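Okay, so here's the structure we're looking at.
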Protein chains: 2
Amino acid sequence: MKAEIIAIGTEILLGDIVNSNAQYLGQEMASLGIDMHYQQVVGDNEKRIIHAFDEAYSRSDIVITTGGLGPTEDDLTKEVAAKYFNKKLIPHENSIKRIKEYFEFRQKRMPENNLKQGLIPEGCIVIKNNNGTAPGVIIEENNKTMIILPGPPKEMKPMFEEAVRPYFQKKSDSVLVSKMIKILGVGESTIAEELKDLMESQINPTIAPYAKEVGVIVRVTAKARTEEEAVKLIIPIEEEIKKRLGDNVYAIEDIDLEEVVAKLLIEKKLTISTAESCTGGMIASTLINYPGISEVLLEGAVTYSNEAKHKRLGVKNETLDKYGAVSEETAMEMAIGIAKTAGTDVSIVTTGIAGPGGGTKEKPVGLVYVGIYVKGKVEVQKCMFNGNRSRVRLQATITGLDMLRRNLIKK
Amino acid sequence: MKAEIIAIGTEILLGDIVNSNAQYLGQEMASLGIDMHYQQVVGDNEKRIIHAFDEAYSRSDIVITTGGLGPTEDDLTKEVAAKYFNKKLIPHENSIKRIKEYFEFRQKRMPENNLKQGLIPEGCIVIKNNNGTAPGVIIEENNKTMIILPGPPKEMKPMFEEAVRPYFQKKSDSVLVSKMIKILGVGESTIAEELKDLMESQINPTIAPYAKEVGVIVRVTAKARTEEEAVKLIIPIEEEIKKRLGDNVYAIEDIDLEEVVAKLLIEKKLTISTAESCTGGMIASTLINYPGISEVLLEGAVTYSNEAKHKRLGVKNETLDKYGAVSEETAMEMAIGIAKTAGTDVSIVTTGIAGPGGGTKEKPVGLVYVGIYVKGKVEVQKCMFNGNRSRVRLQATITGLDMLRRNLIKK
């Protein structure tokens with residue numbers, strides 16, 4: 001069974017909206033174990049929509065369309081599908097009733113053209129829309145299945161969840177389960193080398209690394225008759241990958257780095273402060289993404305100027321004069337200074353040149369000293385990051401959090 | 001001239017990532033006046049990629065591919081394209097040099113398979129990648145053009161901007177010029193009402209408002225033979241929109257709010273500090289996006305705990321006890337306190353409940369007091385923001401910066 005998604009809407013081609021429906025449906029179909037080899041996007045144009053249908057059915061059994069079910073004349077999906085399958089459009093009483101109620105509930109006058117949304121190709125399965133006026137349709141004809149869904153994600157997703165997923169589950173005999181292993185400190189190609197034998201010998205589960213904005217994820221995907229069986233297939237592979245990549249694995253699934261760090265701090269009852277120069281508050285702000293952080297984060301300082309580094313953190317003027325603000329020595333004194341004045345067990349600090357200006361031959365743009373202080377011990381890492389100002393700052397932020405994570409898991 | 005985008009990557013079909021490249025390229029091609037009737041997504045599979053190429057060239061002159069230029073064996077785009085156009089892959093010295101330098105700069109060992117990224121179909125235009133290791137390629141053959149770009153947006157977008165856009169501009173006989181007018185403080189539907197007569201009467205330039213994550217942009221787009229002529233068409237419309245929307249227009253084009261605020265501060269020779277509770281460093285970090293800020297930003301404080309608000313900023317314990325940390329009174333004392341201890345002319349502060357927990361009936365999640373201090377005068381705004389934790393924090397950040405902007409332009 002192969003499926004294909006066709007998003008219908010000129011607004012997607014023009015880039016007015018991002019096709020997030022395709023991502024959602026991709027995940028859902030994968031989790032149902034239904035293969036998908038292609039996706040298409042086509043504008044609101046009868047000829048081109050038919051061309052897209054023809055193309056899709058030349059290689060797939062199931063077509064899922066999103067969009068083009070609105071009340072205006074531009075919205076053509078249902079009309080074109082009815083024509084494609086030689087079906088008449090007939091009024092669907094329940095849908096028309098729902099559309100009228102929708103407007104009554106909102107105390108709004110129903111524009112006449114909304115009634116068009118209550119027309120359905122004859123002999124089809126109707127999917128109720130609890131969050132809008134356009135019902136969905138499932139057409140089954142000559143071993144072809146077409147599932148027609150509205151474009152707005154807040155309508156489409158519940159309809160998939162409530163009607164389409166159960167429809168497929170009834171037909172299918174297998175499930176696909178995926179697990180993401182999140183990694184920092186080694187690149188995609190190194191990971192591919194490290195896992196080469198596993199990746200080549202494994203068919204079920206499959207193993208695939210992907211580079212993210214910072215770091216890499218490895219996705220392990222298993223197919224089985226039940227979710228339980230699929231998970232059982234994943235576990236030994238997951239363990240093997242964790243063994244090979246060691247501390248570079250910082251989380252499994254949807255957990256973010258800041259959550260890992262925050263939980264380590266809370267578990268070990270360690271309070272934390274930050275003092276940031278080039279990252280300018282990004283480390284504190286990232287930690288605060290995790291709501292529970294308030295237990296342990298006492299204070300953050302953005303000490304962008306030399307004066308603030310001296311006055312706030314007690315970095316010695318001699319240190320700033322002799323080694324400069326961007327130096328290992330300054331980073332060390334910052335780390336000790338903020339922990340002392342904030343009275344915390346732990347601190348993270350940064351000082352560097354994020355660019356675009358300010359670089360010299362000795363201290364180029366991208367040079368950042370990232371430091372951590374943990375109960376009296378200071379560790380400073382000299383880093384060379386590439387990319388623009390925001391990339392440099394992001395990498396410095398991640399490096400600071402990851403240095404602390406690696407330090408804390410060792411104890 | 002018709003174009004088509006093919007995103008290549010199984011991770012898109014599986015929904016691991018959203019195809020945001022297609023949105024970006026859709027906008028760019030529309031702004032270049034190049035029609036696009038279809039988009040495709042296909043997995044990392046030779047046969048299917050060739051099928052997608054055939055399909056695309058049956059109806060379009062230009063194909064833009066994104067993705068599949070990585071160092072692993074899964075990454076096939078360049079190899080398949082070379083085969084498709086009967087071209088040999090040959091080493092491209094400059095690209096290989098850049099790849100080696102990329103790893104040297106990071107003081108990392110280069111995995112052997114990265115060298116594959118330096119191979120280029122012979123006789124093609126090479127597009128330099130300043131943010132990664134995979135160069136792009138433009139193939140021109142039998143009236144077909146293929147533009148091959150890497151998948152990561154941070155690499156792809158600058159390459160489009162620096163090489164592909166100029167490439168198309170040279171070929172076209174008309175240009176489309178767009179100008180974005182950036183607005184805060186009024187919603188999309190109010191703007192649409194305010195500009196209704198203009199939007200309806202205008203064909204060239206066209207006027208279209210879009211809601212952004214925070215705020216709205218109005219895009220004015222003109223078509224003409226030269227850029228100069230197009231700009232001339234835009235100017236009177238731009239002036240009229242600015243007149244109607246007044247101070248709500250905070251910038252034109254690619255200027256960010258933080259840049260507007262930073263420039264106002266620098267121009268007026270005002271120094272600034274920040275004290276953030278719920279935004280946790282996001283305001284300081286946003287200001288620091290603008291490199292020139294170092295002239296005026298003396299210090300930032302993240303005072304998440306009551307103790308830090310008292311100790312660092314001098315907020316009275318009685319104030320915290322009587323009114324609570326999330327109150328107008330606390331915000332006022334924070335604003336005065338940080339300006340005093342940091343010795344700045346101006347400050348921005350926030351204190352609020354970003355959620356998901358911590359809300360009460362009187363002080364629900366989303367309640368944020370945003371305060372500014374400007375040369376002895378304090379102004380506090382009580383805000384109710386909706387959305388999740390990060391949405392609340394983002395809106396508080398923008399509100400603080402926008403309050404300061406509106407204050408500074410009045411003087």
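Ordering of the structure tokens sets the chain letters (A, B, ...); residue numbers start at 1 within each chain; ligands are numbered from 1 in the order shown.
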Report the residues of region 33-125 of chain A whose backbone DSSP state falls under strand (DSSP E), written as a PDB file with N, CA and C atoms, in the first residue's frame.
ATOM      1  N   ASP A  35       3.808   3.293   3.200  1.00  0.00           N
ATOM      2  CA  ASP A  35       4.909   3.922   2.475  1.00  0.00           C
ATOM      3  C   ASP A  35       4.451   5.157   1.722  1.00  0.00           C
ATOM      4  N   MET A  36       5.330   6.140   1.696  1.00  0.00           N
ATOM      5  CA  MET A  36       5.042   7.331   0.912  1.00  0.00           C
ATOM      6  C   MET A  36       6.312   7.696   0.168  1.00  0.00           C
ATOM      7  N   HIS A  37       6.258   7.724  -1.136  1.00  0.00           N
ATOM      8  CA  HIS A  37       7.457   7.980  -1.943  1.00  0.00           C
ATOM      9  C   HIS A  37       7.476   9.366  -2.557  1.00  0.00           C
ATOM     10  N   TYR A  38       6.319  10.000  -2.625  1.00  0.00           N
ATOM     11  CA  TYR A  38       6.233  11.329  -3.250  1.00  0.00           C
ATOM     12  C   TYR A  38       5.239  12.207  -2.496  1.00  0.00           C
ATOM     13  N   GLN A  39       5.455  13.499  -2.597  1.00  0.00           N
ATOM     14  CA  GLN A  39       4.430  14.473  -2.229  1.00  0.00           C
ATOM     15  C   GLN A  39       4.334  15.472  -3.376  1.00  0.00           C
ATOM     16  N   GLN A  40       3.162  16.082  -3.526  1.00  0.00           N
ATOM     17  CA  GLN A  40       3.023  17.120  -4.535  1.00  0.00           C
ATOM     18  C   GLN A  40       2.330  18.353  -3.944  1.00  0.00           C
ATOM     19  N   VAL A  41       2.590  19.475  -4.564  1.00  0.00           N
ATOM     20  CA  VAL A  41       1.820  20.693  -4.284  1.00  0.00           C
ATOM     21  C   VAL A  41       1.367  21.229  -5.632  1.00  0.00           C
ATOM     22  N   VAL A  42       0.094  21.615  -5.721  1.00  0.00           N
ATOM     23  CA  VAL A  42      -0.427  22.119  -6.990  1.00  0.00           C
ATOM     24  C   VAL A  42      -1.371  23.294  -6.690  1.00  0.00           C
ATOM     25  N   ILE A  62      -3.149   5.301  -2.693  1.00  0.00           N
ATOM     26  CA  ILE A  62      -3.947   6.212  -1.865  1.00  0.00           C
ATOM     27  C   ILE A  62      -3.487   7.638  -2.116  1.00  0.00           C
ATOM     28  N   VAL A  63      -4.417   8.542  -2.337  1.00  0.00           N
ATOM     29  CA  VAL A  63      -4.081   9.961  -2.435  1.00  0.00           C
ATOM     30  C   VAL A  63      -4.788  10.693  -1.306  1.00  0.00           C
ATOM     31  N   ILE A  64      -4.026  11.478  -0.572  1.00  0.00           N
ATOM     32  CA  ILE A  64      -4.631  12.338   0.448  1.00  0.00           C
ATOM     33  C   ILE A  64      -4.475  13.773  -0.022  1.00  0.00           C
ATOM     34  N   THR A  65      -5.589  14.469  -0.190  1.00  0.00           N
ATOM     35  CA  THR A  65      -5.474  15.881  -0.562  1.00  0.00           C
ATOM     36  C   THR A  65      -5.761  16.744   0.654  1.00  0.00           C
ATOM     37  N   THR A  66      -5.070  17.893   0.715  1.00  0.00           N
ATOM     38  CA  THR A  66      -5.415  18.897   1.723  1.00  0.00           C
ATOM     39  C   THR A  66      -5.653  20.212   0.996  1.00  0.00           C
ATOM     40  N   LEU A  89     -22.124  15.578  -7.577  1.00  0.00           N
ATOM     41  CA  LEU A  89     -22.098  16.215  -6.254  1.00  0.00           C
ATOM     42  C   LEU A  89     -23.525  16.379  -5.761  1.00  0.00           C
ATOM     43  N   ILE A  90     -23.807  15.807  -4.596  1.00  0.00           N
ATOM     44  CA  ILE A  90     -25.173  15.914  -4.076  1.00  0.00           C
ATOM     45  C   ILE A  90     -25.140  16.510  -2.664  1.00  0.00           C
ATOM     46  N   PRO A  91     -26.254  17.190  -2.270  1.00  0.00           N
ATOM     47  CA  PRO A  91     -26.263  17.801  -0.932  1.00  0.00           C
ATOM     48  C   PRO A  91     -26.220  16.728   0.155  1.00  0.00           C
ATOM     49  N   LEU A 119     -21.938  20.014  -0.233  1.00  0.00           N
ATOM     50  CA  LEU A 119     -22.099  19.085  -1.370  1.00  0.00           C
ATOM     51  C   LEU A 119     -21.015  18.003  -1.307  1.00  0.00           C
ATOM     52  N   ILE A 120     -21.421  16.775  -1.593  1.00  0.00           N
ATOM     53  CA  ILE A 120     -20.528  15.614  -1.433  1.00  0.00           C
ATOM     54  C   ILE A 120     -20.632  14.727  -2.675  1.00  0.00           C
ATOM     55  N   PRO A 121     -19.510  14.178  -3.176  1.00  0.00           N
ATOM     56  CA  PRO A 121     -19.626  13.218  -4.299  1.00  0.00           C
ATOM     57  C   PRO A 121     -20.470  12.025  -3.850  1.00  0.00           C
ATOM     58  N   ILE A 125     -17.770   8.181   1.734  1.00  0.00           N
ATOM     59  CA  ILE A 125     -17.746   8.285   3.189  1.00  0.00           C
ATOM     60  C   ILE A 125     -17.513   9.751   3.537  1.00  0.00           C
TER      61      ILE A 125
END
*Select residues of chain A: the criterion is any atom within 7 Å of an atom of chain B, counting only C-alpha atoms; output as an NGL selection string.*
:A and (12-15 or 17-20 or 23-24 or 26-27 or 30 or 36-43 or 189-190 or 279-282 or 284-285 or 288-289 or 294 or 298-305 or 308 or 384-385 or 387 or 390)
Selection file, C-alpha atoms, as a PDB file, in the first residue's frame:
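Result written to result_31.pdb:
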ATOM      1  CA  ILE A  12       1.426  27.288  -0.777  1.00  0.00           C
ATOM      2  CA  LEU A  13       3.142  27.661  -4.167  1.00  0.00           C
ATOM      3  CA  LEU A  14       3.575  31.382  -3.492  1.00  0.00           C
ATOM      4  CA  GLY A  15       5.079  30.655  -0.100  1.00  0.00           C
ATOM      5  CA  ILE A  17       2.037  29.580   4.070  1.00  0.00           C
ATOM      6  CA  VAL A  18       4.307  26.664   4.864  1.00  0.00           C
ATOM      7  CA  ASN A  19       2.973  23.196   4.058  1.00  0.00           C
ATOM      8  CA  SER A  20       2.958  21.943   7.632  1.00  0.00           C
ATOM      9  CA  GLN A  23       4.821  17.129   7.680  1.00  0.00           C
ATOM     10  CA  TYR A  24       1.989  16.039   9.949  1.00  0.00           C
ATOM     11  CA  GLY A  26       4.129  12.278   6.681  1.00  0.00           C
ATOM     12  CA  GLN A  27       4.608  11.430  10.340  1.00  0.00           C
ATOM     13  CA  ALA A  30       4.907   6.580   8.598  1.00  0.00           C
ATOM     14  CA  MET A  36       5.042   7.331   0.912  1.00  0.00           C
ATOM     15  CA  HIS A  37       7.457   7.980  -1.943  1.00  0.00           C
ATOM     16  CA  TYR A  38       6.233  11.329  -3.250  1.00  0.00           C
ATOM     17  CA  GLN A  39       4.430  14.473  -2.229  1.00  0.00           C
ATOM     18  CA  GLN A  40       3.023  17.120  -4.535  1.00  0.00           C
ATOM     19  CA  VAL A  41       1.820  20.693  -4.284  1.00  0.00           C
ATOM     20  CA  VAL A  42      -0.427  22.119  -6.990  1.00  0.00           C
ATOM     21  CA  GLY A  43      -2.319  25.396  -7.417  1.00  0.00           C
ATOM     22  CA  SER A 189      29.611  11.990   8.974  1.00  0.00           C
ATOM     23  CA  THR A 190      31.532  10.782  12.017  1.00  0.00           C
ATOM     24  CA  THR A 279      25.704  35.268  24.107  1.00  0.00           C
ATOM     25  CA  GLY A 280      24.046  38.236  25.828  1.00  0.00           C
ATOM     26  CA  GLY A 281      21.381  36.428  27.840  1.00  0.00           C
ATOM     27  CA  MET A 282      20.814  33.531  25.465  1.00  0.00           C
ATOM     28  CA  ALA A 284      19.758  32.211  30.733  1.00  0.00           C
ATOM     29  CA  SER A 285      16.879  32.560  28.314  1.00  0.00           C
ATOM     30  CA  ILE A 288      14.268  29.444  31.324  1.00  0.00           C
ATOM     31  CA  ASN A 289      12.565  27.594  28.445  1.00  0.00           C
ATOM     32  CA  SER A 294      13.075  28.521  38.859  1.00  0.00           C
ATOM     33  CA  LEU A 298      19.162  32.262  40.978  1.00  0.00           C
ATOM     34  CA  GLU A 299      20.508  34.927  38.690  1.00  0.00           C
ATOM     35  CA  GLY A 300      21.844  35.802  35.289  1.00  0.00           C
ATOM     36  CA  ALA A 301      24.100  38.669  34.308  1.00  0.00           C
ATOM     37  CA  VAL A 302      24.665  40.113  30.869  1.00  0.00           C
ATOM     38  CA  THR A 303      28.057  41.754  31.172  1.00  0.00           C
ATOM     39  CA  TYR A 304      28.737  43.061  27.744  1.00  0.00           C
ATOM     40  CA  SER A 305      31.114  45.893  28.660  1.00  0.00           C
ATOM     41  CA  ALA A 308      30.290  45.447  33.862  1.00  0.00           C
ATOM     42  CA  MET A 384      36.131  28.492  17.112  1.00  0.00           C
ATOM     43  CA  PHE A 385      32.610  28.715  15.720  1.00  0.00           C
ATOM     44  CA  GLY A 387      28.652  31.211  10.618  1.00  0.00           C
ATOM     45  CA  SER A 390      23.508  34.512  15.589  1.00  0.00           C
TER      46      SER A 390
END
_Separation of CA of Asp54 (chain B) from CA of Leu149 (chain A) in Å_ =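 Between these atoms lies a distance of 28.6 Å.
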*Which of region 170-353 of chain B fall in helix (DSSP H, G or I), as a VMD selection string*: chain B and resid 170 to 171 188 to 194 196 to 201 227 to 248 257 to 267 282 to 287 291 to 295 306 to 313 317 to 323 328 to 342
*In Å to one decimal, how far is CA of Val220 (chain A) from CA of Met199 (chain A)?*
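Going from CA of Met199 (chain A) over to CA of Val220 (chain A) covers 9.9 Å.
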*Please identify all polymer residues within 9 Å of Ala81 (chain B), counting only C-alpha atoms, omitting same-chain residues fewer than 6 positions from it, and present them as JSON, numbers by chain.*
{"B": [49, 50, 53, 87, 121, 139, 146, 148]}
Requested write-out: all heavy atoms of the selected residues, as a PDB file, in the first residue's frame:
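Listing of selection_5.pdb after writing:
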ATOM      1  N   ILE B  49      13.929   9.822  -7.998  1.00  0.00           N
ATOM      2  CA  ILE B  49      14.427  11.179  -8.272  1.00  0.00           C
ATOM      3  C   ILE B  49      14.383  11.440  -9.782  1.00  0.00           C
ATOM      4  O   ILE B  49      13.931  12.491 -10.243  1.00  0.00           O
ATOM      5  CB  ILE B  49      15.860  11.371  -7.711  1.00  0.00           C
ATOM      6  CG1 ILE B  49      15.848  11.297  -6.172  1.00  0.00           C
ATOM      7  CG2 ILE B  49      16.443  12.716  -8.163  1.00  0.00           C
ATOM      8  CD1 ILE B  49      17.232  11.277  -5.529  1.00  0.00           C
ATOM      9  N   ILE B  50      14.808  10.444 -10.562  1.00  0.00           N
ATOM     10  CA  ILE B  50      14.779  10.605 -12.025  1.00  0.00           C
ATOM     11  C   ILE B  50      13.341  10.774 -12.513  1.00  0.00           C
ATOM     12  O   ILE B  50      13.047  11.625 -13.356  1.00  0.00           O
ATOM     13  CB  ILE B  50      15.479   9.401 -12.715  1.00  0.00           C
ATOM     14  CG1 ILE B  50      16.986   9.545 -12.504  1.00  0.00           C
ATOM     15  CG2 ILE B  50      15.131   9.328 -14.200  1.00  0.00           C
ATOM     16  CD1 ILE B  50      17.821   8.421 -13.055  1.00  0.00           C
ATOM     17  N   PHE B  53      12.373  14.275 -11.895  1.00  0.00           N
ATOM     18  CA  PHE B  53      12.992  15.180 -12.886  1.00  0.00           C
ATOM     19  C   PHE B  53      12.210  15.146 -14.200  1.00  0.00           C
ATOM     20  O   PHE B  53      11.880  16.184 -14.772  1.00  0.00           O
ATOM     21  CB  PHE B  53      14.444  14.769 -13.167  1.00  0.00           C
ATOM     22  CG  PHE B  53      15.418  15.049 -12.048  1.00  0.00           C
ATOM     23  CD1 PHE B  53      16.716  14.549 -12.101  1.00  0.00           C
ATOM     24  CD2 PHE B  53      15.060  15.838 -10.950  1.00  0.00           C
ATOM     25  CE1 PHE B  53      17.634  14.817 -11.088  1.00  0.00           C
ATOM     26  CE2 PHE B  53      15.969  16.102  -9.927  1.00  0.00           C
ATOM     27  CZ  PHE B  53      17.264  15.581 -10.001  1.00  0.00           C
ATOM     28  N   LYS B  87      26.613  13.808 -17.467  1.00  0.00           N
ATOM     29  CA  LYS B  87      27.829  14.544 -17.137  1.00  0.00           C
ATOM     30  C   LYS B  87      28.648  13.754 -16.128  1.00  0.00           C
ATOM     31  O   LYS B  87      28.107  13.091 -15.256  1.00  0.00           O
ATOM     32  CB  LYS B  87      27.482  15.916 -16.549  1.00  0.00           C
ATOM     33  CG  LYS B  87      26.972  16.899 -17.589  1.00  0.00           C
ATOM     34  CD  LYS B  87      26.622  18.210 -16.955  1.00  0.00           C
ATOM     35  CE  LYS B  87      26.133  19.192 -17.997  1.00  0.00           C
ATOM     36  NZ  LYS B  87      27.178  19.625 -18.933  1.00  0.00           N
ATOM     37  N   PRO B 121      29.356  18.119 -11.276  1.00  0.00           N
ATOM     38  CA  PRO B 121      29.159  17.709 -12.677  1.00  0.00           C
ATOM     39  C   PRO B 121      29.961  18.644 -13.597  1.00  0.00           C
ATOM     40  O   PRO B 121      29.909  19.862 -13.411  1.00  0.00           O
ATOM     41  CB  PRO B 121      27.648  17.892 -12.892  1.00  0.00           C
ATOM     42  CG  PRO B 121      27.041  17.940 -11.532  1.00  0.00           C
ATOM     43  CD  PRO B 121      28.084  18.494 -10.622  1.00  0.00           C
ATOM     44  N   ILE B 139      23.128  23.687 -13.527  1.00  0.00           N
ATOM     45  CA  ILE B 139      23.355  22.950 -14.775  1.00  0.00           C
ATOM     46  C   ILE B 139      22.458  23.575 -15.845  1.00  0.00           C
ATOM     47  O   ILE B 139      21.260  23.758 -15.624  1.00  0.00           O
ATOM     48  CB  ILE B 139      22.993  21.454 -14.610  1.00  0.00           C
ATOM     49  CG1 ILE B 139      23.810  20.826 -13.470  1.00  0.00           C
ATOM     50  CG2 ILE B 139      23.215  20.697 -15.911  1.00  0.00           C
ATOM     51  CD1 ILE B 139      23.418  19.392 -13.140  1.00  0.00           C
ATOM     52  N   MET B 146      18.840  23.339 -14.179  1.00  0.00           N
ATOM     53  CA  MET B 146      18.648  22.717 -12.872  1.00  0.00           C
ATOM     54  C   MET B 146      19.543  23.422 -11.864  1.00  0.00           C
ATOM     55  O   MET B 146      20.738  23.605 -12.108  1.00  0.00           O
ATOM     56  CB  MET B 146      18.975  21.225 -12.903  1.00  0.00           C
ATOM     57  CG  MET B 146      18.720  20.561 -11.542  1.00  0.00           C
ATOM     58  SD  MET B 146      18.909  18.766 -11.562  1.00  0.00           S
ATOM     59  CE  MET B 146      17.439  18.267 -12.431  1.00  0.00           C
ATOM     60  N   ILE B 148      20.843  23.174  -8.091  1.00  0.00           N
ATOM     61  CA  ILE B 148      20.943  22.182  -7.025  1.00  0.00           C
ATOM     62  C   ILE B 148      21.464  22.870  -5.770  1.00  0.00           C
ATOM     63  O   ILE B 148      22.567  23.417  -5.764  1.00  0.00           O
ATOM     64  CB  ILE B 148      21.892  21.045  -7.466  1.00  0.00           C
ATOM     65  CG1 ILE B 148      21.309  20.353  -8.705  1.00  0.00           C
ATOM     66  CG2 ILE B 148      22.125  20.055  -6.334  1.00  0.00           C
ATOM     67  CD1 ILE B 148      22.223  19.311  -9.322  1.00  0.00           C
TER      68      ILE B 148
END
*Rounded to one decimal place, report the CA of Leu245 (chain B)-CA of Val175 (chain B) distance in Å.*
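For CA of Leu245 (chain B) relative to CA of Val175 (chain B), the distance reads 27.9 Å.
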*Which is closer to Tyr323 (chain B) than all the others in B:Glu362, B:Glu194, B:Asp345, B:Glu188, using only C-alpha atoms?*
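Counting only C-alpha atoms, the residue closest to Tyr323 (chain B) is B:Glu362.
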